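Below: the structure, in structure tokens.
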Amino acid sequence: MNGRLMLLDTASLYFRAYFGVPDSVKAPDGTPVNAVRGLLDFIDRLVKDHRPQKLVACMDADWRPQWRVDLIPTYKAHRVAEEHEGAPDEEEVPDTLSPQVPVIEDVLDAIGIARVGVAGYEADDVIGTFAAHADGPVDIVTGDRDLYQLVDDEREIRVLYPLKGVGTLQLTDEAVLREKYGVDGRGYADLALLRGDPSDGLPGVAGIGEKTAAKLLAEFGDLAGIMAAVDDPRAKLTPSQRKRLTEARPYVAVAPKVVRVAGDVPLPDVDTALPHTPRDPAALEDLAKRWGLGGSLQRLLGTLAE
């Protein structure tokens, strides 16, 4: 089955739904279900507009893997709500969103949409591995620019980046990346590593912003080329750049493993085919009643049935 595969960065989308849909959208018992209904509306629109044959909701089984923290201790540190010894740390999530996540999982499972999270890995890594093994075109739907590193025109891998809801998406291919950042998909990880990302707790190289990083990558090809230039007195680096990059060597040595999305996650064997009828109609009916999923669920089921 070589049709188009759509990979959802699920948390990125339900966060957007949560903040985009008013919390006055509630279940019969008064519990907010704005993220649940918003996500179902998102998926309905995505399937309608882009017609994937396969769909996977990729999950964060571990939003802050210890192996990344061991390399860069500041990684996502500012987003930790509670630390747990020997288990994933708890992420700071709005009080009325946390209870909606299990509902989202139950609804996706009852519909029959493949849902994959792997212990010790983030959703990005699950997405990266599905993309690496795909045998047809891939659409990655995410509000996280980190996944631009997976864009690959030759393999027909693109990122659909929501600008407003999911009705207005930036279809991100290599031409868009070159125009905006001066790099292709492969170069984006090096750009992000050099520039840093405060939202992920990545310090970057002091004094090297996005534009300077893009210029250095254009001049020296990739991160390895830039670091080789630091040791070459003939290379066209300013004294300040040479000094900053020299000082950043310990960071540059470990950051690639942290910034680059894993492509070798042990994925479970799942049926990724887009379902046309619900996997568990009785469970879905109960969920629809209990949580008041109304038109959002009915619209999605109608679209899947087409």
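Each chain of the structure tokens is named A, B, ... in the order shown, its residues numbered from 1; ligands are numbered from 1 in display order.
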
Closest-contact table, segment 106-169 of chain A side, partner segment 192-211 of chain A, 12 Å, counting only C-alpha atoms, as a Markdown table:
| residue | atom | partner | partner_atom | distance |
| --- | --- | --- | --- | --- |
| A:Asp144 | CA | A:Ser199 | CA | 10.6 |
| A:Arg145 | CA | A:Ala192 | CA | 9.3 |
| A:Asp146 | CA | A:Ala192 | CA | 7.6 |
| A:Leu147 | CA | A:Ala192 | CA | 10.6 |
| A:Tyr148 | CA | A:Ala192 | CA | 9.9 |
| A:Gln149 | CA | A:Ala192 | CA | 9.2 |

Output of the above residues as a compact mmCIF listing (two decimals), in the first residue's frame, restricted to C-alpha atoms:
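Saved file again00.txt follows:
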# COMPACT_ATOMS: atom_id res chain seq x y z
CA ASP A 144 6.81 22.45 15.49
CA ARG A 145 9.46 23.77 13.11
CA ASP A 146 11.97 21.17 14.37
CA LEU A 147 10.39 18.71 11.95
CA TYR A 148 11.43 20.84 8.96
CA GLN A 149 14.62 18.75 9.10

For the structure I just gave you, how does DSSP split segment 48-253 of chain A - specifically, which residues are helix (DSSP H, G or I)? Reply as a ChimeraX atom specification.
/A:48-50,66-71,77-79,100-111,123-133,145-150,174-181,185-195,198-200,210-220,223-230,239-247,249-253

Need to verify the contact set: Gly30 of chain A, 10 Å, only C-alpha atoms, exclusion of same-chain residues closer than 6 positions in sequence. Can you return it as a PyMOL selection string?
chain A and resi 24+291-292

Selection export as a compact mmCIF listing (two decimals), in the first residue's frame, atoms kept: all heavy atoms:
# COMPACT_ATOMS: atom_id res chain seq x y z
N SER A 24 -15.64 26.97 26.61
CA SER A 24 -17.09 26.85 26.86
C SER A 24 -17.66 25.62 26.15
O SER A 24 -18.81 25.24 26.38
CB SER A 24 -17.82 28.11 26.37
OG SER A 24 -17.53 28.34 25.00
N TRP A 291 -19.06 12.37 26.39
CA TRP A 291 -18.27 13.60 26.24
C TRP A 291 -18.91 14.63 25.32
O TRP A 291 -18.33 15.68 25.07
CB TRP A 291 -16.85 13.26 25.75
CG TRP A 291 -16.13 12.36 26.71
CD1 TRP A 291 -15.81 11.05 26.53
CD2 TRP A 291 -15.67 12.70 28.02
NE1 TRP A 291 -15.17 10.54 27.65
CE2 TRP A 291 -15.07 11.54 28.57
CE3 TRP A 291 -15.71 13.87 28.79
CZ2 TRP A 291 -14.53 11.51 29.86
CZ3 TRP A 291 -15.15 13.84 30.07
CH2 TRP A 291 -14.58 12.68 30.59
N GLY A 292 -20.09 14.33 24.81
CA GLY A 292 -20.79 15.31 23.98
C GLY A 292 -20.00 15.70 22.75
O GLY A 292 -19.79 16.89 22.48

Based on the backbone DSSP call, show me all residues of segment 125-190 of chain A assigned strand (DSSP E), as a PyMOL selection string.
chain A and resi 138-141+157-164+168-172

What separation in Å, quoted to one decimal, exists between atom CA of Ala77 of chain A and atom CA of Asp60 of chain A?
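Taking atom CA of Ala77 of chain A as the start and atom CA of Asp60 of chain A as the end point, the length is 16.2 Å.
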
Using only C-alpha atoms, pick whichever of A:Ala282, A:Ala17, A:Ile111, A:Ala61 has the shortest atom-to-atom distance to Glu90 of chain A.
A:Ala61

I'd like a table as a Markdown table: residues in segment 35-62 of chain A with an atom no more than 12 Å from segment 165-184 of chain A, each row giving the shortest atom pair and its distance in Å to one decimal, only C-alpha atoms counted, sorted by chain and rising residue number.
| residue | atom | partner | partner_atom | distance |
| --- | --- | --- | --- | --- |
| A:Gly38 | CA | A:Gly165 | CA | 9.3 |
| A:Leu39 | CA | A:Val166 | CA | 9.9 |
| A:Leu40 | CA | A:Val166 | CA | 11.4 |
| A:Asp41 | CA | A:Val166 | CA | 9.0 |
| A:Phe42 | CA | A:Val166 | CA | 6.0 |
| A:Ile43 | CA | A:Val166 | CA | 8.7 |
| A:Asp44 | CA | A:Val166 | CA | 9.9 |
| A:Arg45 | CA | A:Gly167 | CA | 7.0 |
| A:Leu46 | CA | A:Val166 | CA | 7.1 |
| A:Val47 | CA | A:Val166 | CA | 10.8 |
| A:Lys48 | CA | A:Gly167 | CA | 10.5 |
| A:Asp49 | CA | A:Gly167 | CA | 8.6 |
| A:His50 | CA | A:Leu169 | CA | 11.0 |

Skipping near chain neighbours, those fewer than 5 positions away, what residues fall within 8 Å of Val118 of chain A using only C-alpha atoms, listed as number ranges by chain?
A: 59-62, 126, 265-267

Save the residues we just selected, N, CA, C and O atoms, as a compact mmCIF listing (two decimals), in the first residue's frame?
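Saved as part.txt:
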# COMPACT_ATOMS: atom_id res chain seq x y z
N MET A 59 2.42 10.02 19.11
CA MET A 59 2.28 10.49 20.48
C MET A 59 3.64 10.63 21.17
O MET A 59 4.60 9.95 20.80
N ASP A 60 3.67 11.48 22.20
CA ASP A 60 4.85 11.59 23.07
C ASP A 60 4.73 10.57 24.19
O ASP A 60 4.06 10.83 25.19
N ALA A 61 5.35 9.39 24.04
CA ALA A 61 5.38 8.46 25.17
C ALA A 61 6.32 9.02 26.24
O ALA A 61 6.16 8.76 27.42
N ASP A 62 7.30 9.80 25.79
CA ASP A 62 8.21 10.49 26.72
C ASP A 62 8.55 11.83 26.08
O ASP A 62 9.29 11.88 25.09
N VAL A 126 9.08 9.25 16.53
CA VAL A 126 8.16 8.30 15.91
C VAL A 126 7.87 8.75 14.47
O VAL A 126 7.91 7.96 13.52
N VAL A 265 13.50 4.28 15.68
CA VAL A 265 12.66 3.90 16.82
C VAL A 265 12.02 2.54 16.54
O VAL A 265 11.56 2.28 15.42
N PRO A 266 12.00 1.64 17.54
CA PRO A 266 11.35 0.33 17.33
C PRO A 266 9.83 0.48 17.29
O PRO A 266 9.16 0.46 18.31
N LEU A 267 9.29 0.64 16.10
CA LEU A 267 7.85 0.89 15.94
C LEU A 267 7.05 -0.41 16.09
O LEU A 267 7.49 -1.46 15.63

So that I can see what lies close to Val141 of chain A, please list as a list in words the residues with an atom at most 6 Å from it, counting only C-alpha atoms and leaving out residues fewer than 4 positions away in the same chain.
Leu8, Val159 and Leu160 of chain A

What does the structure give for the distance between atom CA of Pro32 of chain A and atom CA of Val116 of chain A, in Å to one decimal?
24.9 Å

Using only C-alpha atoms, which residues sit within 9 Å of Ala81 of chain A once same-chain residues fewer than 5 positions away are excluded, as a short mmCIF file (atom, residue, chain, number, x, y, z; two decimals) with N, CA and C atoms, in the first residue's frame?
data_model
loop_
_atom_site.label_atom_id
_atom_site.label_comp_id
_atom_site.auth_asym_id
_atom_site.auth_seq_id
_atom_site.Cartn_x
_atom_site.Cartn_y
_atom_site.Cartn_z
N ASP A 89 9.48 12.72 33.44
CA ASP A 89 9.04 13.91 34.17
C ASP A 89 7.68 14.36 33.65
N GLU A 90 6.95 15.06 34.51
CA GLU A 90 5.62 15.54 34.14
C GLU A 90 5.75 16.91 33.49
N GLU A 91 5.11 17.07 32.33
CA GLU A 91 5.18 18.34 31.62
C GLU A 91 4.11 19.29 32.15
N GLU A 92 4.46 20.58 32.17
CA GLU A 92 3.49 21.60 32.57
C GLU A 92 2.43 21.74 31.49
N VAL A 93 1.21 21.37 31.83
CA VAL A 93 0.09 21.38 30.88
C VAL A 93 -1.08 22.07 31.56
#

Can you list every residue of segment 87-167 of chain A that has an atom at most 7 Å from segment 240-262 of chain A, with its nearest atom pair and the distance in Å to one decimal, using only C-alpha atoms, ordered by chain then number, as JSON lines?
{"residue": "A:Asp124", "atom": "CA", "partner": "A:Val261", "partner_atom": "CA", "distance": 6.2}
{"residue": "A:Asp125", "atom": "CA", "partner": "A:Ala262", "partner_atom": "CA", "distance": 4.7}
{"residue": "A:Gly128", "atom": "CA", "partner": "A:Val261", "partner_atom": "CA", "distance": 5.9}
{"residue": "A:Thr129", "atom": "CA", "partner": "A:Ala262", "partner_atom": "CA", "distance": 6.6}

Serialized selection, all heavy atoms, as a PDB file, in the first residue's frame:
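Final output, saved to result_22.pdb:
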ATOM      1  N   ASP A 124       8.185  13.296  17.766  1.00  0.00           N
ATOM      2  CA  ASP A 124       9.066  13.663  16.636  1.00  0.00           C
ATOM      3  C   ASP A 124       9.866  12.466  16.148  1.00  0.00           C
ATOM      4  O   ASP A 124      10.083  12.280  14.943  1.00  0.00           O
ATOM      5  CB  ASP A 124      10.060  14.760  17.061  1.00  0.00           C
ATOM      6  CG  ASP A 124       9.421  16.123  17.210  1.00  0.00           C
ATOM      7  OD1 ASP A 124       8.179  16.194  17.188  1.00  0.00           O
ATOM      8  OD2 ASP A 124      10.156  17.113  17.364  1.00  0.00           O
ATOM      9  N   ASP A 125      10.342  11.645  17.099  1.00  0.00           N
ATOM     10  CA  ASP A 125      11.162  10.483  16.744  1.00  0.00           C
ATOM     11  C   ASP A 125      10.320   9.403  16.062  1.00  0.00           C
ATOM     12  O   ASP A 125      10.781   8.733  15.132  1.00  0.00           O
ATOM     13  CB  ASP A 125      11.830   9.908  18.000  1.00  0.00           C
ATOM     14  CG  ASP A 125      12.695  10.933  18.715  1.00  0.00           C
ATOM     15  OD1 ASP A 125      13.523  11.568  18.049  1.00  0.00           O
ATOM     16  OD2 ASP A 125      12.540  11.108  19.938  1.00  0.00           O
ATOM     17  N   GLY A 128       9.799  10.689  12.618  1.00  0.00           N
ATOM     18  CA  GLY A 128      11.036  10.533  11.844  1.00  0.00           C
ATOM     19  C   GLY A 128      11.231   9.110  11.363  1.00  0.00           C
ATOM     20  O   GLY A 128      11.687   8.872  10.232  1.00  0.00           O
ATOM     21  N   THR A 129      10.866   8.139  12.205  1.00  0.00           N
ATOM     22  CA  THR A 129      11.057   6.726  11.837  1.00  0.00           C
ATOM     23  C   THR A 129      10.025   6.282  10.810  1.00  0.00           C
ATOM     24  O   THR A 129      10.369   5.593   9.840  1.00  0.00           O
ATOM     25  CB  THR A 129      11.007   5.841  13.100  1.00  0.00           C
ATOM     26  OG1 THR A 129      11.987   6.309  14.026  1.00  0.00           O
ATOM     27  CG2 THR A 129      11.292   4.396  12.766  1.00  0.00           C
TER      28      THR A 129
END

Rank nothing, just name the residue among A:Arg290, A:His84, A:Arg158, A:Arg51 nearest to Val103 of chain A, using only C-alpha atoms.
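Using only C-alpha atoms, Val103 of chain A sits closest to A:Arg290.
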
Quick one, how far is atom CA of Met227 of chain A from atom CA of Ala214 of chain A?
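Separation of atom CA of Met227 of chain A and atom CA of Ala214 of chain A: 14.4 Å.
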
Can you tell me, as an mmCIF file with all heavy atoms, in the first residue's frame, what residues are no more than 7 Å from segment 63-69 of chain A when counting only C-alpha atoms, ignoring any on the same chain fewer than 6 positions away?
data_model
loop_
_atom_site.group_PDB
_atom_site.id
_atom_site.type_symbol
_atom_site.label_atom_id
_atom_site.label_comp_id
_atom_site.auth_asym_id
_atom_site.auth_seq_id
_atom_site.Cartn_x
_atom_site.Cartn_y
_atom_site.Cartn_z
ATOM 1 N N TYR A 75 17.660 20.706 28.399
ATOM 2 C CA TYR A 75 16.665 20.341 27.393
ATOM 3 C C TYR A 75 15.258 20.314 28.010
ATOM 4 O O TYR A 75 14.970 19.527 28.897
ATOM 5 C CB TYR A 75 17.010 18.982 26.776
ATOM 6 C CG TYR A 75 16.072 18.556 25.665
ATOM 7 C CD1 TYR A 75 16.028 19.264 24.462
ATOM 8 C CD2 TYR A 75 15.218 17.474 25.819
ATOM 9 C CE1 TYR A 75 15.162 18.902 23.447
ATOM 10 C CE2 TYR A 75 14.349 17.094 24.804
ATOM 11 C CZ TYR A 75 14.328 17.820 23.622
ATOM 12 O OH TYR A 75 13.452 17.465 22.617
ATOM 13 N N LYS A 76 14.410 21.228 27.562
ATOM 14 C CA LYS A 76 13.007 21.359 28.002
ATOM 15 C C LYS A 76 12.860 21.485 29.525
ATOM 16 O O LYS A 76 11.762 21.248 30.050
ATOM 17 C CB LYS A 76 12.175 20.180 27.491
ATOM 18 C CG LYS A 76 12.028 20.154 25.960
ATOM 19 C CD LYS A 76 11.060 19.083 25.510
ATOM 20 C CE LYS A 76 10.894 19.111 23.993
ATOM 21 N NZ LYS A 76 9.991 18.057 23.504
ATOM 22 N N GLY A 120 10.434 6.056 25.827
ATOM 23 C CA GLY A 120 11.778 6.613 25.692
ATOM 24 C C GLY A 120 11.956 7.535 24.499
ATOM 25 O O GLY A 120 13.054 8.030 24.255
ATOM 26 N N TYR A 121 10.865 7.801 23.758
ATOM 27 C CA TYR A 121 10.970 8.642 22.559
ATOM 28 C C TYR A 121 9.831 9.655 22.493
ATOM 29 O O TYR A 121 8.733 9.420 22.994
ATOM 30 C CB TYR A 121 10.943 7.786 21.288
ATOM 31 C CG TYR A 121 12.154 6.909 21.134
ATOM 32 C CD1 TYR A 121 12.126 5.580 21.545
ATOM 33 C CD2 TYR A 121 13.341 7.413 20.594
ATOM 34 C CE1 TYR A 121 13.235 4.765 21.410
ATOM 35 C CE2 TYR A 121 14.457 6.606 20.462
ATOM 36 C CZ TYR A 121 14.402 5.285 20.869
ATOM 37 O OH TYR A 121 15.514 4.481 20.739
ATOM 38 N N GLU A 122 10.132 10.764 21.818
ATOM 39 C CA GLU A 122 9.129 11.790 21.565
ATOM 40 C C GLU A 122 8.367 11.469 20.277
ATOM 41 O O GLU A 122 8.820 10.661 19.454
ATOM 42 C CB GLU A 122 9.816 13.160 21.427
ATOM 43 C CG GLU A 122 10.554 13.591 22.675
ATOM 44 C CD GLU A 122 11.320 14.893 22.489
ATOM 45 O OE1 GLU A 122 10.694 15.898 22.117
ATOM 46 O OE2 GLU A 122 12.536 14.903 22.744
ATOM 47 N N VAL A 258 20.794 15.343 20.105
ATOM 48 C CA VAL A 258 19.610 15.893 20.773
ATOM 49 C C VAL A 258 18.661 16.530 19.755
ATOM 50 O O VAL A 258 17.441 16.331 19.802
ATOM 51 C CB VAL A 258 20.021 16.932 21.835
ATOM 52 C CG1 VAL A 258 18.798 17.593 22.460
ATOM 53 C CG2 VAL A 258 20.887 16.276 22.912
#
